[in-house]
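Chemist: Structure in structure tokens, see below.
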Amino acid sequence: MREFVFPDGFLWGASTSAHQVEGHNVHSDWWAWEQAGRVKDRSGAACDHYQRFEDDFDLAVSLGHRAHRCSIEWARLEPAEGQWDDGALRHYADVVRALRRRRLEPVITLHHFTNPQWFLARGGWTNPKSIDWFLRYVQRVALAVGDSVRYWVTINEPLVYTRLHYVQGLGPPGARDFGQALRVIEHLIRGHAAAYRALHAARRPGSPRPRVSIAHHLPEFRPCRRWSLRDRWISRVTDHIYNLAFLQALTEGRAAVPGVVTWRIPEARATLDYLGVNFYGRQFIRWAPDAGAWPGSSCDLGHHPREVTERTSLGWDVHPASFTYVLCRMAQMGLPLLVTENGTCMEDDEHRWRYLLRHIQAMARAMQRGVEVLGYCCWSLLDNFEWADGFGPRFGLVEVDYATQRRTVRDSGRQYANICTSNRIPLDTSWNV
Ligand code: FCB
């Protein structure tokens, strides 16, 4: 049987984010957005993970995980401007300790889509002061847990954050304004750079060098209609803005959206120690000048019936070969990669397992070609609150009954555990379920 053996110490695990699992994140902008009825579900108690994190980490260990990605909630630490909640800071120190005690390597995200309400009220990431405010928060976190954390994610999916919240208006502040979106991107670049330096500066002698990155959402963009020059052009432009420009800023200190804006941010140069890759699938793009502020739009799936054979319950295209492509392409940056998210919300658990297996095989194929991947964190450990889509989509290796908070390990969670514990995966086609 052909199989691929992963390197020793490969970081197998799963990811979550604070707002999606913790519950009662009352000082965050997303909480206010939900209370205002802007989305169909309210996160409420979510998975009550704020209270149950120890049990949830025990579950992760029982499933063979060796790493865990989670986020710290700024709105809990600084519920009002300049007012710090030491209890919340102690809580996250406990979380990191709980991970370390279980030999789960912490991968800690500092910003995962949510902000304190006071921050948004002062203009959020459109305000140039956002960088100092974010830095102040990061410095507190570094002081509290820096010694115990090696892998950091400063900002989760900066471009998805910007698109959802400032272009499509699907999250707070609900803006649809390309100009604001460009300002947000610039401040996120600067915020990342400030956080990168703060995390490195906080390192105490004797503790390991931190490894800092963003978690970058990296779809493979394809034109809806291959014969259309406009579709091909707009999918290349989207690829540049969405996939490449931010990374260019964090490697070269300079990036441009041709004809629109050039960012010169020398302090952002060389501020990636590895690259966090979030991968879900391919995205089809078509020329749609009527689509509003963003220059193109995701294609109506009806335009390419022959290309898309499989979709998730959210309608996302499933295409594991694109994962191999994205990993090989990103490896050209010369940085090690860490898969910070990959997973699916198929209603049928067998489909979830099929998705995971085929994507892990796709990652193994990239590694066979020499791509350095440090680990794989599946999205997600638990079913959780999927933003504007509410509690409907279920991404968990572990099912959550929201009425009782009962956890039930899914078969896909057990199958994934076999890969984590054996550290190998069959590549035989007979296994390509
Ligand atoms: C990613 C987000 C994560 C979750 C998954 C399904 O874009 O980072 O919070 O919503 O999608």
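By order in the structure tokens, chains are A, B, ...; within a chain, residues start at 1; ligands start at 1, following the order shown.
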What lies within 10 Å of Val160 of chain A using only C-alpha atoms, ignoring chain neighbours under 2 positions off, as a list in words?
Modeler: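 Answer for this query is Phe113, Asn156, Glu157, Pro158, Thr162, Arg163, Leu164, His165, Tyr166, Val167, His216, His217, Leu218 and Tyr242 of chain A.
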Chemist: Keeping only N, CA, C and O atoms, write the selected residues as a JSON list (two decimals), in the first residue's frame.
Modeler:
[["chain", "number", "residue", "atom", "x", "y", "z"],
["A", 113, "PHE", "N", -11.87, 38.09, 13.62],
["A", 113, "PHE", "CA", -13.11, 38.74, 13.15],
["A", 113, "PHE", "C", -13.81, 39.66, 14.15],
["A", 113, "PHE", "O", -14.70, 40.41, 13.76],
["A", 156, "ASN", "N", -6.65, 36.80, 11.75],
["A", 156, "ASN", "CA", -7.24, 35.74, 10.95],
["A", 156, "ASN", "C", -7.86, 36.32, 9.68],
["A", 156, "ASN", "O", -8.67, 37.25, 9.75],
["A", 157, "GLU", "N", -7.47, 35.78, 8.55],
["A", 157, "GLU", "CA", -8.08, 36.10, 7.26],
["A", 157, "GLU", "C", -8.36, 37.59, 7.07],
["A", 157, "GLU", "O", -9.52, 38.01, 6.97],
["A", 158, "PRO", "N", -7.30, 38.41, 7.01],
["A", 158, "PRO", "CA", -7.54, 39.85, 6.90],
["A", 158, "PRO", "C", -8.42, 40.25, 5.72],
["A", 158, "PRO", "O", -9.22, 41.18, 5.83],
["A", 162, "THR", "N", -12.14, 41.92, 5.85],
["A", 162, "THR", "CA", -12.43, 43.18, 5.16],
["A", 162, "THR", "C", -13.63, 43.02, 4.21],
["A", 162, "THR", "O", -14.52, 43.86, 4.16],
["A", 163, "ARG", "N", -13.63, 41.92, 3.46],
["A", 163, "ARG", "CA", -14.72, 41.72, 2.50],
["A", 163, "ARG", "C", -16.07, 41.61, 3.21],
["A", 163, "ARG", "O", -17.03, 42.30, 2.86],
["A", 164, "LEU", "N", -16.13, 40.74, 4.23],
["A", 164, "LEU", "CA", -17.41, 40.51, 4.90],
["A", 164, "LEU", "C", -17.93, 41.76, 5.60],
["A", 164, "LEU", "O", -19.12, 42.05, 5.57],
["A", 165, "HIS", "N", -17.01, 42.51, 6.26],
["A", 165, "HIS", "CA", -17.45, 43.60, 7.13],
["A", 165, "HIS", "C", -17.47, 44.96, 6.45],
["A", 165, "HIS", "O", -18.20, 45.86, 6.89],
["A", 166, "TYR", "N", -16.68, 45.13, 5.38],
["A", 166, "TYR", "CA", -16.57, 46.46, 4.76],
["A", 166, "TYR", "C", -16.95, 46.50, 3.28],
["A", 166, "TYR", "O", -16.98, 47.55, 2.68],
["A", 167, "VAL", "N", -17.18, 45.31, 2.68],
["A", 167, "VAL", "CA", -17.59, 45.31, 1.28],
["A", 167, "VAL", "C", -18.99, 44.72, 1.14],
["A", 167, "VAL", "O", -19.87, 45.30, 0.52],
["A", 216, "HIS", "N", -4.02, 33.05, 6.48],
["A", 216, "HIS", "CA", -4.45, 33.64, 5.21],
["A", 216, "HIS", "C", -5.40, 32.70, 4.49],
["A", 216, "HIS", "O", -5.06, 31.54, 4.24],
["A", 217, "HIS", "N", -6.58, 33.21, 4.15],
["A", 217, "HIS", "CA", -7.55, 32.43, 3.39],
["A", 217, "HIS", "C", -7.08, 32.41, 1.94],
["A", 217, "HIS", "O", -6.94, 33.47, 1.32],
["A", 218, "LEU", "N", -6.81, 31.23, 1.42],
["A", 218, "LEU", "CA", -6.20, 31.14, 0.10],
["A", 218, "LEU", "C", -6.97, 30.22, -0.83],
["A", 218, "LEU", "O", -6.62, 29.05, -1.01],
["A", 242, "TYR", "N", -6.60, 39.58, -3.34],
["A", 242, "TYR", "CA", -7.09, 38.74, -2.24],
["A", 242, "TYR", "C", -6.01, 37.81, -1.71],
["A", 242, "TYR", "O", -5.87, 37.64, -0.50]]
Chemist: Mind checking which residues fall within 8 Å of Glu310 of chain A, counting only C-alpha atoms, ignoring those fewer than 6 positions away in the same chain, and posting them as a list in words?
Modeler: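 Non-adjacent residues within range: Asp317, Val318 and His319 of chain A.
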Chemist: Which of these, A:Arg190, A:Arg394, A:Arg226, A:Arg282, has the shortest distance to ligand 1 once you count only C-alpha atoms and all ligand atoms?
Modeler: A:Arg394
Chemist: Please compute the atom CA of Gln35 of chain A-atom CA of Gly174 of chain A distance, one decimal, in Å.
Modeler: 14.1 Å
Chemist: Rounded to one decimal place, report the atom CA of Ile72 of chain A-atom CA of Ile265 of chain A distance in Å.
Modeler: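 So the two atoms, atom CA of Ile72 of chain A and atom CA of Ile265 of chain A, lie 26.6 Å apart.
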Chemist: What is the distance between atom 5 (C, counted along the ligand's line) of ligand 1 and atom CA of Glu81 of chain A, in Å to one decimal?
Modeler: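 So the two atoms, atom 5 (C, counted along the ligand's line) of ligand 1 and atom CA of Glu81 of chain A, lie 28.8 Å apart.
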Chemist: Do a neighbour search on Tyr50 of chain A at 8 Å with only C-alpha atoms, toss out local chain neighbours closer than 2 positions, and write the hits as a list in words.
Modeler: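 Those residues are Val21, Glu22, Gly23, Asp48, Arg52 and Phe53 of chain A.
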Chemist: Would you list the contacts of segment 320-333 of chain A as a PyMOL selection string, taking every protein, DNA or RNA residue within 10 Å and counting only C-alpha atoms, but skipping same-chain residues closer than 6 positions in sequence?
Modeler: chain A and resi 218-221+243-244+247-248+251+274-275+277-282+339+342+355-367+369-373
Chemist: Please save C-alpha atoms of the selected residues as a PDB file, in the first residue's frame.
Modeler:
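The file below, result-v3.pdb, is the result:
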ATOM      1  CA  LEU A 218      -6.195  31.142   0.096  1.00  0.00           C
ATOM      2  CA  PRO A 219      -8.719  29.925  -2.447  1.00  0.00           C
ATOM      3  CA  GLU A 220      -7.719  29.030  -5.966  1.00  0.00           C
ATOM      4  CA  PHE A 221      -9.547  31.583  -8.118  1.00  0.00           C
ATOM      5  CA  ASN A 243      -4.256  36.228  -2.176  1.00  0.00           C
ATOM      6  CA  LEU A 244      -1.041  38.041  -2.959  1.00  0.00           C
ATOM      7  CA  LEU A 247       1.569  38.790   1.624  1.00  0.00           C
ATOM      8  CA  GLN A 248       3.679  41.026  -0.574  1.00  0.00           C
ATOM      9  CA  THR A 251       7.442  40.189   2.871  1.00  0.00           C
ATOM     10  CA  TYR A 274       5.818  30.952   8.695  1.00  0.00           C
ATOM     11  CA  LEU A 275       2.590  31.173   6.695  1.00  0.00           C
ATOM     12  CA  VAL A 277      -2.925  28.685   5.363  1.00  0.00           C
ATOM     13  CA  ASN A 278      -6.717  28.471   5.599  1.00  0.00           C
ATOM     14  CA  PHE A 279      -8.042  26.437   2.703  1.00  0.00           C
ATOM     15  CA  TYR A 280     -11.651  25.552   1.859  1.00  0.00           C
ATOM     16  CA  GLY A 281     -11.858  25.264  -1.926  1.00  0.00           C
ATOM     17  CA  ARG A 282     -11.886  26.893  -5.345  1.00  0.00           C
ATOM     18  CA  VAL A 339      -2.463  24.666   7.790  1.00  0.00           C
ATOM     19  CA  ASN A 342      -9.354  23.203   6.563  1.00  0.00           C
ATOM     20  CA  TYR A 355     -13.479  15.692   2.496  1.00  0.00           C
ATOM     21  CA  LEU A 356     -10.865  15.554   5.263  1.00  0.00           C
ATOM     22  CA  LEU A 357      -9.171  12.439   3.932  1.00  0.00           C
ATOM     23  CA  ARG A 358      -8.921  13.780   0.398  1.00  0.00           C
ATOM     24  CA  HIS A 359      -7.557  17.112   1.598  1.00  0.00           C
ATOM     25  CA  ILE A 360      -4.975  15.502   3.862  1.00  0.00           C
ATOM     26  CA  GLN A 361      -3.940  13.350   0.916  1.00  0.00           C
ATOM     27  CA  ALA A 362      -3.708  16.505  -1.195  1.00  0.00           C
ATOM     28  CA  MET A 363      -1.471  18.079   1.474  1.00  0.00           C
ATOM     29  CA  ALA A 364       0.675  14.914   1.541  1.00  0.00           C
ATOM     30  CA  ARG A 365       1.110  15.224  -2.242  1.00  0.00           C
ATOM     31  CA  ALA A 366       2.434  18.754  -1.814  1.00  0.00           C
ATOM     32  CA  MET A 367       4.807  17.499   0.888  1.00  0.00           C
ATOM     33  CA  ARG A 369       7.049  17.508  -3.776  1.00  0.00           C
ATOM     34  CA  GLY A 370       9.165  19.042  -1.018  1.00  0.00           C
ATOM     35  CA  VAL A 371       6.743  21.559   0.506  1.00  0.00           C
ATOM     36  CA  GLU A 372       7.487  22.095   4.200  1.00  0.00           C
ATOM     37  CA  VAL A 373       4.245  21.869   6.199  1.00  0.00           C
TER      38      VAL A 373
END
Chemist: Taking the backbone alone, and naming residues the way the document does, which bits of segment 168-221 of chain A are strand (DSSP E or B) by DSSP, as a PyMOL selection string?
Modeler: chain A and resi 211-217+220-221
Chemist: Counting only C-alpha atoms and all ligand atoms, figure out which residue out of A:Val212, A:Leu314, A:Leu374, A:Ile131 gets nearest to ligand 1.
Modeler: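 So, comparing all the options, the nearest one is A:Leu314.
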Chemist: Would you list the contacts of His200 of chain A as a list in words, taking every protein, DNA or RNA residue within 9 Å and counting only C-alpha atoms, but skipping same-chain residues closer than 2 positions in sequence?
Modeler: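 My list of contacting residues is Ala195, Tyr196, Arg197, Ala198, Ala202, Arg203, Arg209, Pro210, Arg211 and Val212 of chain A.
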Chemist: For the residues in that selection, give me all heavy atoms as a CSV table (one decimal), in the first residue's frame.
Modeler:
chain,number,residue,atom,x,y,z
A,195,ALA,N,2.3,44.1,15.9
A,195,ALA,CA,2.1,42.9,16.7
A,195,ALA,C,3.3,42.0,16.6
A,195,ALA,O,3.9,41.4,17.5
A,195,ALA,CB,0.8,42.2,16.4
A,196,TYR,N,3.8,41.8,15.3
A,196,TYR,CA,5.0,41.0,15.1
A,196,TYR,C,6.2,41.4,15.9
A,196,TYR,O,6.8,40.6,16.6
A,196,TYR,CB,5.3,41.0,13.6
A,196,TYR,CG,6.5,40.2,13.2
A,196,TYR,CD1,6.4,38.9,12.8
A,196,TYR,CD2,7.8,40.7,13.3
A,196,TYR,CE1,7.5,38.1,12.5
A,196,TYR,CE2,8.9,39.9,13.0
A,196,TYR,CZ,8.8,38.6,12.6
A,196,TYR,OH,9.9,37.9,12.3
A,197,ARG,N,6.4,42.7,15.8
A,197,ARG,CA,7.6,43.2,16.6
A,197,ARG,C,7.4,43.1,18.1
A,197,ARG,O,8.3,42.8,18.8
A,197,ARG,CB,7.9,44.7,16.2
A,197,ARG,CG,8.0,44.8,14.7
A,197,ARG,CD,9.1,45.8,14.2
A,197,ARG,NE,9.1,45.8,12.8
A,197,ARG,CZ,9.7,44.9,12.0
A,197,ARG,NH1,10.4,44.0,12.6
A,197,ARG,NH2,9.6,44.9,10.7
A,198,ALA,N,6.2,43.4,18.5
A,198,ALA,CA,5.9,43.3,20.0
A,198,ALA,C,6.1,41.9,20.5
A,198,ALA,O,6.6,41.7,21.6
A,198,ALA,CB,4.5,43.8,20.3
A,202,ALA,N,9.0,40.8,23.2
A,202,ALA,CA,8.6,40.4,24.6
A,202,ALA,C,9.2,39.1,24.9
A,202,ALA,O,9.1,38.6,26.1
A,202,ALA,CB,7.0,40.2,24.6
A,203,ARG,N,10.0,38.5,24.0
A,203,ARG,CA,10.6,37.2,24.3
A,203,ARG,C,11.6,37.3,25.4
A,203,ARG,O,12.5,38.2,25.3
A,203,ARG,CB,11.3,36.7,23.0
A,203,ARG,CG,12.0,35.4,23.2
A,203,ARG,CD,12.8,35.1,22.0
A,203,ARG,NE,13.7,34.0,22.1
A,203,ARG,CZ,14.9,33.9,21.5
A,203,ARG,NH1,15.2,34.8,20.7
A,203,ARG,NH2,15.6,32.9,21.8
A,209,ARG,N,12.1,31.2,20.3
A,209,ARG,CA,11.8,32.3,19.4
A,209,ARG,C,10.4,32.1,19.0
A,209,ARG,O,10.0,31.0,18.5
A,209,ARG,CB,12.7,32.2,18.2
A,209,ARG,CG,13.5,33.4,17.9
A,209,ARG,CD,14.4,33.1,16.7
A,209,ARG,NE,13.7,33.7,15.5
A,209,ARG,CZ,13.7,35.0,15.2
A,209,ARG,NH1,14.3,35.8,16.0
A,209,ARG,NH2,13.1,35.4,14.1
A,210,PRO,N,9.5,33.2,19.1
A,210,PRO,CA,8.2,33.0,18.6
A,210,PRO,C,8.1,32.9,17.1
A,210,PRO,O,9.0,33.4,16.4
A,210,PRO,CB,7.5,34.3,19.1
A,210,PRO,CG,8.6,35.3,19.4
A,210,PRO,CD,9.8,34.5,19.7
A,211,ARG,N,7.1,32.2,16.6
A,211,ARG,CA,6.9,32.1,15.2
A,211,ARG,C,5.5,32.8,14.9
A,211,ARG,O,4.5,32.3,15.4
A,211,ARG,CB,6.9,30.7,14.7
A,211,ARG,CG,8.3,30.0,15.0
A,211,ARG,CD,8.3,28.6,14.5
A,211,ARG,NE,9.1,28.5,13.3
A,211,ARG,CZ,9.4,27.3,12.8
A,211,ARG,NH1,8.9,26.2,13.3
A,211,ARG,NH2,10.1,27.2,11.7
A,212,VAL,N,5.6,33.9,14.2
A,212,VAL,CA,4.4,34.7,14.0
A,212,VAL,C,3.9,34.7,12.5
A,212,VAL,O,4.8,34.9,11.6
A,212,VAL,CB,4.7,36.1,14.5
A,212,VAL,CG1,3.5,37.0,14.4
A,212,VAL,CG2,5.3,36.1,15.9
Chemist: Within 7 Å of Ala268 of chain A, counting only C-alpha atoms, which residues qualify if same-chain residues fewer than 4 places away don't, as a PyMOL selection string?
Modeler: chain A and resi 189-190+193+249-250+253
Chemist: Could you please take those selected residues and save C-alpha atoms as a PDB file, in the first residue's frame?
Modeler:
ATOM      1  CA  ILE A 189      -0.977  45.345   7.573  1.00  0.00           C
ATOM      2  CA  ARG A 190       0.369  47.937  10.005  1.00  0.00           C
ATOM      3  CA  ALA A 193       3.645  44.479  11.734  1.00  0.00           C
ATOM      4  CA  ALA A 249       3.329  43.781   2.032  1.00  0.00           C
ATOM      5  CA  LEU A 250       4.432  41.422   4.810  1.00  0.00           C
ATOM      6  CA  GLY A 253       7.088  46.081   2.844  1.00  0.00           C
TER       7      GLY A 253
END
Chemist: Which residues are close to segment 385-387 of chain A, i.e. within 10 Å by only C-alpha atoms, leaving aside same-chain residues fewer than 5 positions away? Reply as a compact mmCIF listing (two decimals) with C-alpha atoms, in the first residue's frame.
Modeler:
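Generated file (out-v3.txt):
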# COMPACT_ATOMS: atom_id res chain seq x y z
CA SER A 17 -12.16 30.92 17.55
CA HIS A 19 -16.56 34.20 19.62
CA GLN A 20 -17.68 31.08 17.78
CA VAL A 21 -17.36 28.73 20.76
CA GLU A 22 -16.98 30.57 24.08
CA GLY A 23 -20.42 32.10 24.59
CA TRP A 30 -20.41 40.83 16.83
CA GLU A 34 -26.49 39.90 16.73
CA VAL A 39 -28.19 37.98 11.61
CA LYS A 40 -30.59 35.09 11.96
CA ASP A 41 -29.03 33.49 15.07
CA ARG A 42 -27.53 34.97 18.23
CA SER A 43 -24.36 33.36 19.52
CA GLY A 44 -25.71 33.31 23.12
CA ALA A 45 -23.96 30.58 25.12
CA ALA A 46 -22.49 29.10 21.89
CA CYS A 47 -20.59 25.95 23.05
CA PHE A 113 -13.11 38.74 13.15
CA LEU A 170 -22.41 40.98 6.39
CA GLY A 171 -20.80 41.77 9.76
CA GLY A 392 -26.85 25.74 10.99
CA PRO A 393 -23.53 24.66 9.42
CA ARG A 394 -21.77 21.99 11.43
CA PHE A 395 -18.01 21.94 11.02
